[in-house]
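Data file: input_37.pdb. Format and content: PDB, C-alpha atoms.
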ATOM      1  CA  MET A 107     -30.075  -2.100   9.085
ATOM      2  CA  ASN A 108     -26.325  -2.704   9.389
ATOM      3  CA  VAL A 109     -25.982  -3.136   5.617
ATOM      4  CA  ILE A 110     -27.429   0.325   5.025
ATOM      5  CA  LEU A 111     -25.039   1.815   7.551
ATOM      6  CA  ILE A 112     -22.071   0.044   5.935
ATOM      7  CA  LYS A 113     -23.076   1.279   2.467
ATOM      8  CA  PHE A 114     -23.414   4.807   3.839
ATOM      9  CA  GLU A 115     -19.974   4.611   5.437
ATOM     10  CA  ILE A 116     -18.419   3.345   2.202
ATOM     11  CA  LYS A 117     -20.040   6.138   0.180
ATOM     12  CA  LYS A 118     -19.032   8.677   2.837
ATOM     13  CA  ASN A 119     -15.409   7.489   2.725
ATOM     14  CA  MET A 120     -15.356   7.669  -1.063
ATOM     15  CA  SER A 121     -16.679  11.208  -0.947
ATOM     16  CA  THR A 122     -14.090  12.123   1.609
ATOM     17  CA  ARG A 123     -11.346  10.604  -0.543
ATOM     18  CA  LEU A 124     -12.604  12.475  -3.590
ATOM     19  CA  ASP A 125     -12.802  15.701  -1.591
ATOM     20  CA  GLN A 126      -9.232  15.191  -0.378
ATOM     21  CA  LEU A 127      -7.962  14.532  -3.885
ATOM     22  CA  ASN A 128      -9.693  17.653  -5.182
ATOM     23  CA  GLU A 129      -8.082  19.699  -2.398
ATOM     24  CA  PHE A 130      -4.657  18.332  -3.360
ATOM     25  CA  LEU A 131      -5.402  19.183  -6.987
ATOM     26  CA  LYS A 132      -6.050  22.806  -6.009
ATOM     27  CA  GLU A 133      -2.509  22.922  -4.647
ATOM     28  CA  SER A 134      -1.010  21.149  -7.690
ATOM     29  CA  PRO A 135      -3.415  21.728 -10.588
ATOM     30  CA  GLU A 136      -1.138  20.200 -13.227
ATOM     31  CA  ASP A 137      -0.328  16.982 -11.367
ATOM     32  CA  PRO A 138      -1.326  14.116 -13.690
ATOM     33  CA  PHE A 139      -1.320  11.560 -10.880
ATOM     34  CA  LEU A 140      -3.939  13.523  -8.950
ATOM     35  CA  LYS A 141      -6.058  13.894 -12.077
ATOM     36  CA  TYR A 142      -5.741  10.153 -12.673
ATOM     37  CA  ALA A 143      -6.642   9.341  -9.058
ATOM     38  CA  ILE A 144      -9.747  11.536  -9.249
ATOM     39  CA  ALA A 145     -10.898   9.872 -12.473
ATOM     40  CA  ALA A 146     -10.330   6.454 -10.904
ATOM     41  CA  GLU A 147     -12.295   7.508  -7.836
ATOM     42  CA  TYR A 148     -15.249   8.501  -9.989
ATOM     43  CA  LEU A 149     -15.012   5.121 -11.676
ATOM     44  CA  LYS A 150     -15.113   3.393  -8.276
ATOM     45  CA  GLN A 151     -18.285   5.326  -7.517
ATOM     46  CA  ASN A 152     -19.821   4.095 -10.796
ATOM     47  CA  GLU A 153     -19.885   7.620 -12.173
ATOM     48  CA  GLU A 154     -18.674   6.415 -15.540
ATOM     49  CA  GLN A 155     -19.424   9.542 -17.555
ATOM     50  CA  GLU A 156     -17.470  11.754 -15.160
ATOM     51  CA  ALA A 157     -14.603   9.257 -15.099
ATOM     52  CA  LEU A 158     -14.632   9.089 -18.900
ATOM     53  CA  GLU A 159     -14.435  12.854 -19.265
ATOM     54  CA  ARG A 160     -11.597  13.081 -16.777
ATOM     55  CA  PHE A 161      -9.588  10.230 -18.334
ATOM     56  CA  GLU A 162     -10.022  11.813 -21.777
ATOM     57  CA  GLN A 163      -8.932  15.226 -20.462
ATOM     58  CA  LEU A 164      -5.928  13.604 -18.821
ATOM     59  CA  ILE A 165      -4.821  12.035 -22.099
ATOM     60  CA  ASP A 166      -5.322  15.341 -23.908
ATOM     61  CA  LYS A 167      -3.300  17.355 -21.401
ATOM     62  CA  HIS A 168      -0.801  14.713 -20.259
ATOM     63  CA  PRO A 169      -0.394  12.209 -23.097
ATOM     64  CA  ASP A 170       2.766  10.772 -21.544
ATOM     65  CA  TYR A 171       0.959   9.677 -18.384
ATOM     66  CA  VAL A 172       0.873   6.117 -19.634
ATOM     67  CA  GLY A 173      -1.216   4.567 -16.854
ATOM     68  CA  THR A 174      -4.324   6.306 -18.126
ATOM     69  CA  TYR A 175      -4.514   4.393 -21.397
ATOM     70  CA  TYR A 176      -5.290   1.001 -19.888
ATOM     71  CA  HIS A 177      -8.083   2.285 -17.669
ATOM     72  CA  LEU A 178      -9.586   4.468 -20.367
ATOM     73  CA  GLY A 179      -9.493   1.542 -22.783
ATOM     74  CA  LYS A 180     -11.229  -0.704 -20.268
ATOM     75  CA  LEU A 181     -13.861   1.962 -19.680
ATOM     76  CA  TYR A 182     -14.458   2.236 -23.421
ATOM     77  CA  GLU A 183     -14.896  -1.540 -23.512
ATOM     78  CA  LYS A 184     -17.393  -1.388 -20.661
ATOM     79  CA  LEU A 185     -19.301   1.351 -22.491
ATOM     80  CA  ASP A 186     -19.407  -0.863 -25.611
ATOM     81  CA  LYS A 187     -17.017   1.313 -27.607
ATOM     82  CA  PRO A 188     -14.446  -1.271 -28.745
ATOM     83  CA  GLU A 189     -13.108   0.895 -31.596
ATOM     84  CA  LEU A 190     -12.149   3.633 -29.149
ATOM     85  CA  ALA A 191     -10.647   1.052 -26.801
ATOM     86  CA  ILE A 192      -8.439  -0.288 -29.606
ATOM     87  CA  ILE A 193      -7.258   3.201 -30.559
ATOM     88  CA  THR A 194      -6.565   3.981 -26.899
ATOM     89  CA  TYR A 195      -4.613   0.770 -26.309
ATOM     90  CA  LYS A 196      -2.512   1.339 -29.456
ATOM     91  CA  SER A 197      -1.733   4.921 -28.438
ATOM     92  CA  GLY A 198      -0.770   3.750 -24.966
ATOM     93  CA  ILE A 199       1.451   1.027 -26.419
ATOM     94  CA  ASP A 200       3.354   3.647 -28.435
ATOM     95  CA  ILE A 201       3.816   5.854 -25.371
ATOM     96  CA  ALA A 202       4.823   2.912 -23.154
ATOM     97  CA  ARG A 203       7.416   1.788 -25.711
ATOM     98  CA  LYS A 204       8.906   5.265 -25.980
ATOM     99  CA  SER A 205       9.088   5.632 -22.210
ATOM    100  CA  ARG A 206      10.345   2.034 -21.793
ATOM    101  CA  ASN A 207       7.549   1.290 -19.319
ATOM    102  CA  PHE A 208       7.504  -2.458 -19.932
ATOM    103  CA  HIS A 209       4.986  -3.313 -17.236
ATOM    104  CA  THR A 210       2.348  -1.013 -18.697
ATOM    105  CA  LEU A 211       3.349  -2.046 -22.214
ATOM    106  CA  GLY A 212       2.574  -5.674 -21.350
ATOM    107  CA  GLU A 213      -0.783  -4.770 -19.812
ATOM    108  CA  LEU A 214      -1.799  -2.722 -22.845
ATOM    109  CA  GLN A 215      -0.668  -5.385 -25.304
ATOM    110  CA  GLY A 216      -2.590  -8.012 -23.356
ATOM    111  CA  ALA A 217      -5.758  -5.907 -23.274
ATOM    112  CA  LEU A 218      -5.497  -5.176 -26.985
ATOM    113  CA  SER A 219      -4.820  -8.803 -27.835
ATOM    114  CA  PHE A 220      -7.795  -9.961 -25.792
ATOM    115  CA  LEU A 221     -10.063  -7.381 -27.405
ATOM    116  CA  VAL A 222      -9.098  -8.046 -31.021
ATOM    117  CA  ASP A 223      -8.880 -11.840 -30.673
ATOM    118  CA  ASP A 224     -11.419 -12.999 -33.226
ATOM    119  CA  ASP A 225     -11.307 -16.671 -32.287
ATOM    120  CA  ASP A 226      -9.424 -17.674 -35.441
ATOM    121  CA  ASP A 227      -7.758 -20.466 -33.487
ATOM    122  CA  ASP A 228     -10.910 -22.598 -33.407
ATOM    123  CA  PHE A 229     -10.223 -26.120 -34.659
TER     124      PHE A 229
END
Go ahead and express the file in the form of structure tokens.
Amino acid sequence: MNVILIKFEIKKNMSTRLDQLNEFLKESPEDPFLKYAIAAEYLKQNEEQEALERFEQLIDKHPDYVGTYYHLGKLYEKLDKPELAIITYKSGIDIARKSRNFHTLGELQGALSFLVDDDDDDF
């Protein structure tokens, strides 16, 4: 019985968080961080299609918001779309280089390297 209550509370808190983020977005409709946070919240709730649409919209409208590329790439991987993940990582790498965001650049390069590693180093 307690497990059900805990799951309900978690879901309730996620909904509340999503509701709060959407309210903030009404006040600042062009804020890329809020759009990113909403997409990430949908991902946490396992609403992958909604998260995917929101991450893709974010990249279309705010291509310089470099943090989106890693998470969108990972989502593409999870959805078994490695070609789209590779394209996304490469685009993010270009943006991260231009903006000199070395932390994100390293994450994107690592994700891309891991994805395209074709095990050629087998002995």
Apply the PyMOL selection byres ((chain A and resi 168) around 12) to the displayed file and report the matching residues as a list in words. Glu136, Asp137, Pro138, Phe139, Leu140, Lys141, Tyr142, Arg160, Phe161, Glu162, Gln163, Leu164, Ile165, Asp166, Lys167, Pro169, Asp170, Tyr171, Val172, Gly173, Thr174, Tyr175, Gly198 and Ile201 of chain A
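The residue that comes closest to Leu218 in chain A, out of A:Ile193, A:Leu158, A:Ala202, A:Ala145 and on the basis of all atoms listed in the file, is A:Ile193.
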Pairwise distance for CA of Phe220 in chain A and CA of Lys196 in chain A, rounded to one decimal in Å: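 Between CA of Phe220 in chain A and CA of Lys196 in chain A the gap is 13.0 Å.
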Range 180-185 of chain A: which residues within 9 Å, counting all atoms listed in the file, same-chain residues fewer than 6 positions away excluded, as a ChimeraX atom specification? /A:149,154,157-158,191-192,194,217,221
Centre and edge lengths, as JSON, for the axis-aligned box enclosing every listed atom of range 198-214 of chain A with 4 Å of padding on each of the six sides, in Å to one decimal?
{"center_x": 4.3, "center_y": 0.1, "center_z": -22.8, "size_x": 20.1, "size_y": 19.5, "size_z": 19.2}
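Taking CA of Lys132 in chain A and CA of Ser197 in chain A as the two end points, the separation is 29.0 Å.
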With distances taken over only C-alpha atoms, which residue among A:Leu211, A:Ala143, A:Leu190, A:Leu178 lies nearest Asp125 in chain A?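 Using only C-alpha atoms, the shortest distance to Asp125 in chain A belongs to A:Ala143.
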For a test of reading the model, state the distance in Å between CA of Glu153 in chain A and CA of Leu131 in chain A, rounded to one decimal.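 Straight-line distance from CA of Glu153 in chain A to CA of Leu131 in chain A works out to 19.2 Å.
With distances taken over all atoms listed in the file, A:Glu147 is the one residue among A:Glu159, A:Glu147, A:Asp200, A:Glu189 lying closest to Gln126 in chain A.
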